[in-house]
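Structure file upload36.cif (mmCIF, C-alpha atoms) follows.
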```
data_input
loop_
_atom_site.group_PDB
_atom_site.id
_atom_site.type_symbol
_atom_site.label_atom_id
_atom_site.label_comp_id
_atom_site.auth_asym_id
_atom_site.auth_seq_id
_atom_site.Cartn_x
_atom_site.Cartn_y
_atom_site.Cartn_z
ATOM 1 C CA MET A 1 103.918 95.724 1.551
ATOM 2 C CA ALA A 2 101.799 93.386 -0.530
ATOM 3 C CA ALA A 3 100.666 94.477 -3.971
ATOM 4 C CA ALA A 4 99.654 92.926 -7.281
ATOM 5 C CA ALA A 5 102.586 91.922 -9.483
ATOM 6 C CA THR A 6 101.224 93.944 -12.444
ATOM 7 C CA LEU A 7 100.879 97.590 -11.538
ATOM 8 C CA GLY A 8 99.781 99.364 -14.712
ATOM 9 C CA ALA A 9 101.200 101.468 -17.528
ATOM 10 C CA SER A 10 102.387 105.037 -17.868
ATOM 11 C CA GLU A 11 103.817 107.037 -20.781
ATOM 12 C CA GLY A 12 104.496 103.951 -22.876
ATOM 13 C CA LEU A 13 105.994 101.829 -20.100
ATOM 14 C CA ASP A 14 104.479 98.801 -18.358
ATOM 15 C CA PHE A 15 105.216 98.488 -14.644
ATOM 16 C CA SER A 16 105.388 95.438 -12.410
ATOM 17 C CA LEU A 17 106.995 94.284 -9.184
ATOM 18 C CA ALA A 18 110.233 92.337 -9.402
ATOM 19 C CA GLY A 19 110.467 88.665 -8.545
ATOM 20 C CA ALA A 20 113.238 86.101 -8.286
ATOM 21 C CA GLU A 21 112.550 85.093 -11.885
ATOM 22 C CA ASP A 22 113.574 88.570 -13.101
ATOM 23 C CA TYR A 23 117.127 88.318 -11.785
ATOM 24 C CA ASP A 24 118.830 87.437 -15.083
ATOM 25 C CA ASP A 25 117.048 90.220 -16.974
ATOM 26 C CA VAL A 26 117.964 92.748 -14.274
ATOM 27 C CA MET A 27 121.618 91.704 -14.341
ATOM 28 C CA SER A 28 121.726 91.876 -18.129
ATOM 29 C CA MET A 29 120.233 95.382 -18.092
ATOM 30 C CA SER A 30 122.714 96.464 -15.379
ATOM 31 C CA GLU A 31 125.877 95.262 -17.109
ATOM 32 C CA GLY A 32 128.750 97.721 -16.677
ATOM 33 C CA ILE A 33 126.960 99.993 -14.210
ATOM 34 C CA TYR A 34 128.965 101.772 -11.466
ATOM 35 C CA GLN A 35 132.278 100.853 -13.138
ATOM 36 C CA GLY A 36 131.644 97.216 -12.240
ATOM 37 C CA SER A 37 131.052 97.997 -8.546
ATOM 38 C CA ASP A 38 127.327 97.262 -8.673
ATOM 39 C CA TYR A 39 125.935 96.048 -5.353
ATOM 40 C CA LEU A 40 122.641 94.763 -6.757
ATOM 41 C CA PRO A 41 123.782 91.263 -7.846
ATOM 42 C CA ALA A 42 124.605 90.533 -4.194
ATOM 43 C CA ARG A 43 121.583 92.336 -2.745
ATOM 44 C CA TYR A 44 118.769 91.537 -5.180
ATOM 45 C CA HIS A 45 117.341 88.410 -3.554
ATOM 46 C CA ALA A 46 117.710 89.861 -0.044
ATOM 47 C CA TRP A 47 115.831 92.973 -1.209
ATOM 48 C CA LEU A 48 112.956 90.799 -2.410
ATOM 49 C CA LYS A 49 112.537 89.468 1.131
ATOM 50 C CA GLU A 50 113.070 92.737 3.013
ATOM 51 C CA PRO A 51 109.983 94.057 4.804
ATOM 52 C CA ASN A 52 108.740 97.456 3.627
ATOM 53 C CA ARG A 53 110.614 97.246 0.305
ATOM 54 C CA LEU A 54 109.283 97.054 -3.245
ATOM 55 C CA ILE A 55 111.326 96.723 -6.440
ATOM 56 C CA PHE A 56 109.643 98.256 -9.489
ATOM 57 C CA LEU A 57 110.411 97.118 -13.042
ATOM 58 C CA ALA A 58 109.567 99.029 -16.223
ATOM 59 C CA ARG A 59 109.248 97.354 -19.621
ATOM 60 C CA ARG A 60 108.738 98.610 -23.130
ATOM 61 C CA GLN A 61 107.070 96.082 -25.444
ATOM 62 C CA GLY A 62 108.011 93.307 -23.052
ATOM 63 C CA LYS A 63 111.688 94.262 -22.718
ATOM 64 C CA LEU A 64 113.006 95.270 -19.302
ATOM 65 C CA ILE A 65 114.469 98.768 -19.536
ATOM 66 C CA ALA A 66 114.468 100.222 -16.002
ATOM 67 C CA LEU A 67 114.423 99.426 -12.284
ATOM 68 C CA GLU A 68 113.992 101.364 -9.068
ATOM 69 C CA SER A 69 113.508 100.192 -5.492
ATOM 70 C CA THR A 70 111.574 101.846 -2.669
ATOM 71 C CA PHE A 71 112.127 101.245 1.024
ATOM 72 C CA VAL A 72 109.774 102.717 3.654
ATOM 73 C CA VAL A 73 111.633 103.790 6.818
ATOM 74 C CA ASP A 74 111.469 106.354 9.652
ATOM 75 C CA ASP A 75 108.348 104.854 11.284
ATOM 76 C CA GLY A 76 106.641 104.790 7.894
ATOM 77 C CA LYS A 77 106.928 108.480 7.103
ATOM 78 C CA THR A 78 109.850 108.345 4.638
ATOM 79 C CA VAL A 79 110.435 106.429 1.426
ATOM 80 C CA LEU A 80 114.004 105.821 0.302
ATOM 81 C CA VAL A 81 114.472 105.383 -3.427
ATOM 82 C CA GLU A 82 117.450 103.235 -4.387
ATOM 83 C CA GLY A 83 118.990 101.381 -7.279
ATOM 84 C CA LEU A 84 117.586 103.461 -10.138
ATOM 85 C CA ARG A 85 118.991 102.207 -13.431
ATOM 86 C CA VAL A 86 118.010 102.450 -17.078
ATOM 87 C CA ALA A 87 119.129 100.169 -19.900
ATOM 88 C CA GLN A 88 121.977 101.722 -21.861
ATOM 89 C CA SER A 89 119.964 101.771 -25.096
ATOM 90 C CA GLU A 90 117.219 103.828 -23.375
ATOM 91 C CA ARG A 91 119.308 106.468 -21.620
ATOM 92 C CA GLY A 92 118.711 110.082 -22.526
ATOM 93 C CA ARG A 93 115.084 109.458 -23.497
ATOM 94 C CA GLY A 94 113.396 110.541 -20.268
ATOM 95 C CA VAL A 95 112.817 107.018 -18.962
ATOM 96 C CA ALA A 96 114.102 107.805 -15.458
ATOM 97 C CA GLY A 97 111.597 110.628 -15.132
ATOM 98 C CA VAL A 98 108.696 108.396 -16.183
ATOM 99 C CA VAL A 99 109.754 105.757 -13.652
ATOM 100 C CA GLN A 100 110.066 108.262 -10.821
ATOM 101 C CA ARG A 101 106.686 109.868 -11.543
ATOM 102 C CA PHE A 102 104.943 106.491 -11.626
ATOM 103 C CA ILE A 103 106.539 105.343 -8.366
ATOM 104 C CA ASP A 104 105.765 108.638 -6.622
ATOM 105 C CA GLN A 105 102.113 108.273 -7.573
ATOM 106 C CA TYR A 106 102.081 104.633 -6.472
ATOM 107 C CA VAL A 107 103.557 105.471 -3.058
ATOM 108 C CA ARG A 108 101.075 108.333 -2.543
ATOM 109 C CA ARG A 109 98.150 105.995 -3.261
ATOM 110 C CA HIS A 110 99.296 102.925 -1.341
ATOM 111 C CA PHE A 111 101.285 104.492 1.520
ATOM 112 C CA PRO A 112 99.531 107.753 2.394
ATOM 113 C CA GLN A 113 101.450 107.986 5.677
ATOM 114 C CA VAL A 114 104.678 108.648 3.733
ATOM 115 C CA ARG A 115 105.512 112.344 3.723
ATOM 116 C CA VAL A 116 109.128 112.514 2.568
ATOM 117 C CA LYS A 117 111.136 111.072 -0.313
ATOM 118 C CA ARG A 118 114.863 110.659 0.331
ATOM 119 C CA LEU A 119 117.774 109.484 -1.792
ATOM 120 C CA THR A 120 121.551 109.472 -2.064
ATOM 121 C CA ARG A 121 123.652 110.030 -5.146
ATOM 122 C CA GLY A 122 127.339 109.866 -5.972
ATOM 123 C CA ASP A 123 127.832 113.264 -7.572
ATOM 124 C CA ASP A 124 126.958 116.909 -7.132
ATOM 125 C CA PRO A 125 123.277 117.600 -7.826
ATOM 126 C CA GLY A 126 122.688 120.267 -10.423
ATOM 127 C CA PRO A 127 120.631 123.445 -9.960
ATOM 128 C CA GLU A 128 117.498 121.762 -11.328
ATOM 129 C CA GLN A 129 117.606 119.011 -8.723
ATOM 130 C CA LEU A 130 118.533 121.387 -5.920
ATOM 131 C CA ALA A 131 115.451 123.423 -6.799
ATOM 132 C CA LYS A 132 113.351 120.325 -6.005
ATOM 133 C CA TYR A 133 115.282 118.725 -3.151
ATOM 134 C CA ARG A 134 116.731 119.767 0.195
ATOM 135 C CA LEU A 135 120.431 119.055 0.618
ATOM 136 C CA LEU A 136 120.869 117.050 3.837
ATOM 137 C CA SER A 137 124.539 116.112 3.868
ATOM 138 C CA GLN A 138 127.656 115.624 1.777
ATOM 139 C CA GLN A 139 130.160 112.907 2.545
ATOM 140 C CA ALA A 140 133.550 112.503 0.886
ATOM 141 C CA VAL A 141 134.409 109.042 -0.425
ATOM 142 C CA LEU A 142 137.900 107.552 -0.486
ATOM 143 C CA SER A 143 138.047 104.530 -2.810
ATOM 144 C CA LEU A 144 140.925 102.058 -2.637
ATOM 145 C CA LYS A 145 141.709 98.867 -4.541
ATOM 146 C CA GLY A 146 144.068 95.995 -3.938
ATOM 147 C CA ALA A 147 144.533 92.260 -3.714
ATOM 148 C CA ALA A 148 143.282 90.750 -0.467
ATOM 149 C CA GLY A 149 146.824 89.860 0.605
ATOM 150 C CA CYS A 150 147.876 93.488 0.224
ATOM 151 C CA PHE A 151 145.416 94.524 2.912
ATOM 152 C CA GLU A 152 147.515 92.643 5.470
ATOM 153 C CA GLY A 153 150.364 95.002 4.646
ATOM 154 C CA LEU A 154 148.047 98.003 4.666
ATOM 155 C CA VAL A 155 146.814 97.189 8.163
ATOM 156 C CA ALA A 156 150.373 96.746 9.434
ATOM 157 C CA ASP A 157 151.350 100.076 7.868
ATOM 158 C CA LEU A 158 148.384 101.882 9.411
ATOM 159 C CA GLN A 159 149.141 100.367 12.819
ATOM 160 C CA ASP A 160 152.737 101.601 12.593
ATOM 161 C CA LYS A 161 151.535 105.107 11.731
ATOM 162 C CA LEU A 162 149.163 105.113 14.685
ATOM 163 C CA THR A 163 151.865 103.941 17.087
ATOM 164 C CA ALA A 164 154.229 106.649 15.856
ATOM 165 C CA ALA A 165 151.544 109.325 16.142
ATOM 166 C CA GLU A 166 150.484 108.251 19.635
ATOM 167 C CA GLY A 167 154.024 107.854 20.933
ATOM 168 C CA GLY A 168 152.902 104.815 22.880
ATOM 169 C CA PRO A 169 150.055 102.324 23.164
ATOM 170 C CA VAL A 170 147.194 103.089 20.752
ATOM 171 C CA PRO A 171 143.726 103.397 22.361
ATOM 172 C CA GLN A 172 141.601 100.601 20.932
ATOM 173 C CA PRO A 173 138.043 101.120 19.666
ATOM 174 C CA VAL A 174 135.305 99.028 21.220
ATOM 175 C CA ALA A 175 132.583 97.086 19.444
ATOM 176 C CA LEU A 176 128.892 97.656 19.998
ATOM 177 C CA GLU A 177 127.460 94.194 20.595
ATOM 178 C CA GLY A 178 123.746 93.579 20.187
ATOM 179 C CA ARG A 179 120.754 95.813 19.679
ATOM 180 C CA ASN A 180 120.859 97.437 23.124
ATOM 181 C CA GLU A 181 124.444 98.649 22.859
ATOM 182 C CA LEU A 182 123.858 99.817 19.298
ATOM 183 C CA GLY A 183 120.741 101.688 20.325
ATOM 184 C CA ALA A 184 122.376 103.330 23.314
ATOM 185 C CA VAL A 185 124.820 105.037 20.943
ATOM 186 C CA LEU A 186 122.861 105.544 17.720
ATOM 187 C CA LEU A 187 119.697 106.836 19.384
ATOM 188 C CA SER A 188 121.407 109.193 21.825
ATOM 189 C CA PRO A 189 121.065 112.980 21.424
ATOM 190 C CA HIS A 190 124.855 113.226 21.757
ATOM 191 C CA THR A 191 125.355 111.142 18.615
ATOM 192 C CA SER A 192 122.737 113.042 16.606
ATOM 193 C CA GLN A 193 124.180 116.408 17.559
ATOM 194 C CA ASN A 194 127.888 115.615 17.320
ATOM 195 C CA LEU A 195 128.454 112.739 14.892
ATOM 196 C CA LEU A 196 125.622 112.567 12.364
ATOM 197 C CA GLN A 197 125.570 114.932 9.397
ATOM 198 C CA GLY A 198 122.046 116.216 8.941
ATOM 199 C CA GLY A 199 121.044 114.135 11.971
ATOM 200 C CA LEU A 200 121.020 111.002 9.773
ATOM 201 C CA ILE A 201 122.647 107.591 10.030
ATOM 202 C CA ILE A 202 123.855 107.185 6.436
ATOM 203 C CA GLN A 203 124.817 103.533 6.345
ATOM 204 C CA ASP A 204 125.753 101.899 3.049
ATOM 205 C CA TRP A 205 123.988 104.707 1.103
ATOM 206 C CA GLN A 206 120.772 104.551 3.149
ATOM 207 C CA PRO A 207 119.997 107.806 5.037
ATOM 208 C CA LEU A 208 118.045 106.802 8.140
ATOM 209 C CA GLU A 209 116.782 108.872 11.048
ATOM 210 C CA PRO A 210 117.998 107.651 14.479
ATOM 211 C CA LEU A 211 114.757 105.902 15.431
ATOM 212 C CA PRO A 212 114.083 102.512 17.098
ATOM 213 C CA SER A 213 112.380 101.202 13.942
ATOM 214 C CA ASN A 214 115.492 101.962 11.889
ATOM 215 C CA LEU A 215 117.624 100.345 14.565
ATOM 216 C CA ASP A 216 115.726 97.150 13.761
ATOM 217 C CA VAL A 217 116.805 97.551 10.119
ATOM 218 C CA LEU A 218 120.475 97.900 11.059
ATOM 219 C CA ALA A 219 120.422 95.190 13.719
ATOM 220 C CA GLY A 220 119.296 92.646 11.122
ATOM 221 C CA ARG A 221 122.426 93.080 9.024
ATOM 222 C CA SER A 222 125.954 91.720 9.321
ATOM 223 C CA LEU A 223 127.549 94.972 10.464
ATOM 224 C CA THR A 224 130.567 95.725 12.621
ATOM 225 C CA CYS A 225 129.951 98.857 14.703
ATOM 226 C CA LEU A 226 132.879 100.460 16.537
ATOM 227 C CA VAL A 227 133.219 103.544 18.745
ATOM 228 C CA ASP A 228 136.154 105.096 20.567
ATOM 229 C CA ARG A 229 134.123 104.823 23.770
ATOM 230 C CA LYS A 230 130.578 103.750 24.566
ATOM 231 C CA VAL A 231 129.588 106.871 26.489
ATOM 232 C CA CYS A 232 129.548 110.130 24.498
ATOM 233 C CA PRO A 233 131.828 108.822 21.719
ATOM 234 C CA THR A 234 133.772 111.222 19.523
ATOM 235 C CA GLY A 235 133.801 108.769 16.631
ATOM 236 C CA LEU A 236 131.655 105.953 15.260
ATOM 237 C CA SER A 237 132.213 103.529 12.395
ATOM 238 C CA ILE A 238 129.969 100.970 10.705
ATOM 239 C CA CYS A 239 131.412 98.364 8.327
ATOM 240 C CA THR A 240 129.471 96.087 6.000
ATOM 241 C CA ALA A 241 130.413 92.483 5.499
ATOM 242 C CA PRO A 242 132.378 92.088 2.225
ATOM 243 C CA TYR A 243 130.147 91.185 -0.716
ATOM 244 C CA PRO A 244 130.796 90.159 -4.337
ATOM 245 C CA ILE A 245 130.681 92.608 -7.269
ATOM 246 C CA PRO A 246 131.270 92.073 -11.005
ATOM 247 C CA TYR A 247 134.406 94.246 -11.229
ATOM 248 C CA GLY A 248 137.372 92.538 -12.904
ATOM 249 C CA GLY A 249 135.411 89.360 -13.495
ATOM 250 C CA GLY A 250 134.629 89.013 -9.794
ATOM 251 C CA SER A 251 135.787 91.021 -6.780
ATOM 252 C CA LEU A 252 134.737 91.899 -3.246
ATOM 253 C CA ARG A 253 133.394 95.281 -2.152
ATOM 254 C CA LEU A 254 133.731 96.650 1.349
ATOM 255 C CA ASN A 255 132.019 99.802 2.677
ATOM 256 C CA ILE A 256 133.136 101.595 5.849
ATOM 257 C CA ASP A 257 131.154 104.579 7.140
ATOM 258 C CA LEU A 258 132.941 106.964 9.494
ATOM 259 C CA TYR A 259 130.967 109.433 11.626
ATOM 260 C CA GLY A 260 132.496 112.443 13.355
ATOM 261 C CA THR A 261 135.324 114.849 12.554
ATOM 262 C CA ASP A 262 138.054 113.818 15.016
ATOM 263 C CA LEU A 263 140.914 112.698 12.736
ATOM 264 C CA PRO A 264 142.928 110.512 15.158
ATOM 265 C CA VAL A 265 139.748 108.731 16.243
ATOM 266 C CA ALA A 266 138.703 108.183 12.610
ATOM 267 C CA GLN A 267 142.146 106.741 11.841
ATOM 268 C CA ARG A 268 141.913 104.323 14.769
ATOM 269 C CA LEU A 269 138.378 103.275 13.799
ATOM 270 C CA LEU A 270 139.344 102.636 10.178
ATOM 271 C CA THR A 271 142.424 100.627 11.151
ATOM 272 C CA SER A 272 140.444 98.518 13.608
ATOM 273 C CA GLN A 273 137.695 97.825 11.064
ATOM 274 C CA LEU A 274 140.250 96.637 8.504
ATOM 275 C CA GLU A 275 142.042 94.531 11.118
ATOM 276 C CA ARG A 276 138.781 92.785 11.992
ATOM 277 C CA VAL A 277 137.670 92.118 8.404
ATOM 278 C CA ARG A 278 140.957 91.256 6.674
ATOM 279 C CA GLY A 279 140.540 87.521 7.272
ATOM 280 C CA ALA A 280 137.328 87.538 5.208
ATOM 281 C CA LEU A 281 138.928 89.191 2.164
ATOM 282 C CA ARG A 282 139.601 87.191 -0.987
ATOM 283 C CA GLY A 283 140.776 88.063 -4.482
ATOM 284 C CA LEU A 284 140.563 91.701 -5.557
ATOM 285 C CA VAL A 285 138.972 94.102 -3.042
ATOM 286 C CA ILE A 286 137.347 97.499 -3.601
ATOM 287 C CA LEU A 287 137.176 99.526 -0.385
ATOM 288 C CA ASN A 288 134.983 102.629 -0.104
ATOM 289 C CA ILE A 289 135.398 104.816 2.990
ATOM 290 C CA TYR A 290 132.715 107.465 3.630
ATOM 291 C CA MET A 291 133.591 110.417 5.871
ATOM 292 C CA HIS A 292 133.110 114.082 6.639
ATOM 293 C CA PRO A 293 134.685 116.156 3.824
ATOM 294 C CA THR A 294 137.223 117.717 6.222
ATOM 295 C CA LEU A 295 138.750 114.271 6.798
ATOM 296 C CA TRP A 296 139.309 113.253 3.193
ATOM 297 C CA GLU A 297 142.750 114.730 2.513
ATOM 298 C CA PRO A 298 144.386 113.630 5.794
ATOM 299 C CA MET A 299 142.752 110.199 5.565
ATOM 300 C CA GLU A 300 143.953 109.845 1.986
ATOM 301 C CA ARG A 301 147.515 110.589 3.161
ATOM 302 C CA PHE A 302 147.087 108.215 6.099
ATOM 303 C CA CYS A 303 146.118 105.387 3.715
ATOM 304 C CA GLN A 304 149.090 105.843 1.377
ATOM 305 C CA ASN A 305 151.180 102.690 1.622
ATOM 306 C CA SER A 306 153.745 100.484 -0.045
ATOM 307 C CA ALA A 307 151.676 97.315 0.402
ATOM 308 C CA GLY A 308 149.952 97.520 -2.989
ATOM 309 C CA VAL A 309 146.619 99.052 -2.006
ATOM 310 C CA GLY A 310 146.065 102.127 -4.189
ATOM 311 C CA ARG A 311 143.441 104.610 -5.259
ATOM 312 C CA PHE A 312 140.538 103.119 -7.204
ATOM 313 C CA ARG A 313 138.990 106.419 -8.273
ATOM 314 C CA PRO A 314 139.464 110.130 -7.499
ATOM 315 C CA LEU A 315 137.674 111.978 -4.730
ATOM 316 C CA TRP A 316 133.920 111.664 -5.082
ATOM 317 C CA LYS A 317 130.900 112.437 -2.961
ATOM 318 C CA GLN A 318 127.918 110.824 -1.333
ATOM 319 C CA VAL A 319 125.113 113.379 -1.291
ATOM 320 C CA ALA A 320 121.836 112.902 0.623
ATOM 321 C CA LEU A 321 118.749 114.732 -0.627
ATOM 322 C CA GLU A 322 115.067 114.805 0.306
ATOM 323 C CA ARG A 323 111.838 116.467 -0.680
ATOM 324 C CA ASP A 324 108.208 116.375 0.357
ATOM 325 C CA LEU A 325 106.301 113.689 -1.482
#
```
Translate the structure of the given file into structure tokens.
Amino acid sequence: MAAAATLGASEGLDFSLAGAEDYDDVMSMSEGIYQGSDYLPARYHAWLKEPNRLIFLARRQGKLIALESTFVVDDGKTVLVEGLRVAQSERGRGVAGVVQRFIDQYVRRHFPQVRVKRLTRGDDPGPEQLAKYRLLSQQAVLSLKGAAGCFEGLVADLQDKLTAAEGGPVPQPVALEGRNELGAVLLSPHTSQNLLQGGLIIQDWQPLEPLPSNLDVLAGRSLTCLVDRKVCPTGLSICTAPYPIPYGGGSLRLNIDLYGTDLPVAQRLLTSQLERVRGALRGLVILNIYMHPTLWEPMERFCQNSAGVGRFRPLWKQVALERDL
């Protein structure tokens, strides 16, 4: 996705593509965003190298005031918009709308094969946005926080609960190793029909159709993918590798996506993911667990513990939306 670094101006803003040299300005503009849980410091340089992605910057009189990223997926027919942020001093002045209009026009000109614009957000869309976008799915998010050492106790507590519930040996999830095993599950009609809300793989806030080209995107990441069984699974989970965030002067963030509505399977998948990753945890850890809304209350009770891992924020949502471009 090559393009000139300087893209033009619109409604008083000058647009360009981001480079490594813009990192400090982007971080300064983003200070305090997402309650300190911002993923962009850890992802910025990787985004710059990711095929089919562009990061747009908007400046007013030379000062960086906004950013948004685009990522072309779904065999080139869909553009994901991610990371939209506006400098605090510019919020409430319509800057986000100017940025979105400019990027929409840019994508239409340079990527005419794109037909759909898709995004995720962390709150309920209002009537104005729902009049423009189609609602694809709503996930509930359980957010937990604790010191890395406390997660050892959490895992032990969850294992005890599983053993008590099963009344015997707990069936162990299995890992999907390599692209072929991942594809056999993610691209199967069974998974689309029974596990994926809206028929989408929403992994780490990216809503992707189950297509071979998107499998390439997922296979290139450090993900742990677990199922209760490899043939016609009733549950699937994908866990990111822990990554640093600014919260509390420096913490780790961990995202676990759960697919399906079978509660015991979801509990086993979550416990196994935490068991596998606990050795990589350091310092303070923020854990976000994404799941079907019907699972939130029982999973919240399941995760209550005396190990020191507690709620980070109240129930919130991950909403996927799309519209024709």
Between segment 5-93 of chain A and segment 281-291 of chain A, at 12 Å or less, what are the per-residue closest atom pairs and their distances in Å? Count only C-alpha atoms, order by chain and rising residue number, and return it as a tab-separated table.
```
residue	atom	partner	partner_atom	distance
A:Gln35	CA	A:Ile286	CA	11.3
A:Gly36	CA	A:Ile286	CA	10.4
A:Ser37	CA	A:Ile286	CA	8.0
A:Asp38	CA	A:Ile286	CA	11.2
A:Tyr39	CA	A:Ile286	CA	11.6
```
### Message
Can you spell out as number ranges by chain the set of residues that the PyMOL selection byres ((chain A and resi 119) around 9) selects in the structure I just provided?
### Response
A: 79-82, 117-118, 120-121, 205-207, 319-322
Just the residues within 9 Å of segment 179-181 of chain A, please, counting all atoms listed in the file, with nothing from its chain fewer than 3 positions along; format it as an mmCIF file with C-alpha atoms, in the frame of the given file.
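Wrote result.cif, looks like this:
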```cif
data_model
loop_
_atom_site.group_PDB
_atom_site.id
_atom_site.type_symbol
_atom_site.label_atom_id
_atom_site.label_comp_id
_atom_site.auth_asym_id
_atom_site.auth_seq_id
_atom_site.Cartn_x
_atom_site.Cartn_y
_atom_site.Cartn_z
ATOM 1 C CA ALA A 175 132.583 97.086 19.444
ATOM 2 C CA LEU A 176 128.892 97.656 19.998
ATOM 3 C CA ALA A 184 122.376 103.330 23.314
ATOM 4 C CA VAL A 185 124.820 105.037 20.943
ATOM 5 C CA LEU A 186 122.861 105.544 17.720
ATOM 6 C CA LEU A 215 117.624 100.345 14.565
ATOM 7 C CA ASP A 216 115.726 97.150 13.761
ATOM 8 C CA LEU A 218 120.475 97.900 11.059
ATOM 9 C CA ALA A 219 120.422 95.190 13.719
ATOM 10 C CA LYS A 230 130.578 103.750 24.566
#
```
### Task
Tell me, as JSON, numbers by chain, which residues lie within 12 Å of Pro173 of chain A, counting all atoms listed in the file; anything in the same chain fewer than 2 positions away does not count.
{"A": [170, 171, 175, 176, 224, 225, 226, 227, 228, 229, 230, 233, 234, 235, 236, 237, 264, 265, 266, 267, 268, 269, 270, 271, 272, 273, 275, 276]}
### Query
For the atom pair atom CA of Ser188 of chain A and atom CA of Pro210 of chain A, what is the interatomic distance in Å to one decimal place?
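These two atoms are separated by 8.2 Å.
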### Task
Record the distance separating atom CA of Arg323 of chain A and atom CA of Val116 of chain A, expressed in Å with one decimal.
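Straight-line distance from atom CA of Arg323 of chain A to atom CA of Val116 of chain A works out to 5.8 Å.
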### Query
Residues picked by the PyMOL selection byres ((chain A and resi 223) around 6) here, as a ChimeraX atom specification?
/A:221-222,224,239-240
### Message
Please enumerate the residues selected by the PyMOL selection byres ((chain A and resi 141) around 10) when evaluated against the supplied file, formatted as number ranges by chain.
### Response
A: 122, 138-140, 142-144, 256-257, 287-293, 295-296, 300, 313-318
### Task
Take atom CA of Leu136 of chain A and atom CA of Val86 of chain A and report the distance between them in Å, one decimal.
25.7 Å
### Task
Could you tell me which of A:Leu325, A:Val72, A:Met29, A:Ile55 comes closest to Glu209 of chain A if we count all atoms listed in the file?
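Between A:Leu325, A:Val72, A:Met29, A:Ile55, the residue approaching Glu209 of chain A most closely is A:Val72.
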Proximity of segment 285-304 of chain A to segment 149-165 of chain A: per-residue shortest pair, 9 Å limit, all atoms listed in the file, as JSON lines:
```
{"residue": "A:Val285", "atom": "CA", "partner": "A:Phe151", "partner_atom": "CA", "distance": 8.8}
{"residue": "A:Phe302", "atom": "CA", "partner": "A:Leu158", "partner_atom": "CA", "distance": 7.3}
{"residue": "A:Cys303", "atom": "CA", "partner": "A:Leu158", "partner_atom": "CA", "distance": 7.1}
{"residue": "A:Gln304", "atom": "CA", "partner": "A:Leu154", "partner_atom": "CA", "distance": 8.6}
```
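Within the 12 Å cut-off around Gly8 of chain A, using all atoms listed in the file and omitting residues fewer than 3 positions from it on the same chain, the listed residues are A:Ala3, A:Ala4, A:Ala5, A:Glu11, A:Gly12, A:Leu13, A:Asp14, A:Phe15, A:Ser16, A:Leu17, A:Phe56, A:Leu57, A:Ala58, A:Arg59, A:Val99, A:Phe102, A:Ile103, A:Gln105, A:Tyr106.
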### Proximity to Gly97 of chain A - best of A:Gly76, A:Gly178, A:Leu196, A:Ser10, all atoms listed in the file
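Closest candidate: A:Ser10.
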### Task
Go through A:Ala147, A:Val174, A:Ile201, A:Leu182 and flag the residue nearest Gly248 of chain A, using all atoms listed in the file for the distances.
A:Ala147
Starting from 3 Å padding per side, set up an axis-aligned box that covers all listed atoms of segment 161-166 of chain A and hand over centre and edge lengths in Å, one decimal, as JSON.
```
{"center_x": 151.7, "center_y": 106.6, "center_z": 15.7, "size_x": 11.1, "size_y": 11.4, "size_z": 13.9}
```
### Message
Using all atoms listed in the file, can you tell me which of A:Arg91, A:His45, A:Arg311, A:Arg53 comes closest to Ala66 of chain A?
### Response
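Counting all atoms listed in the file, the residue closest to Ala66 of chain A is A:Arg91.
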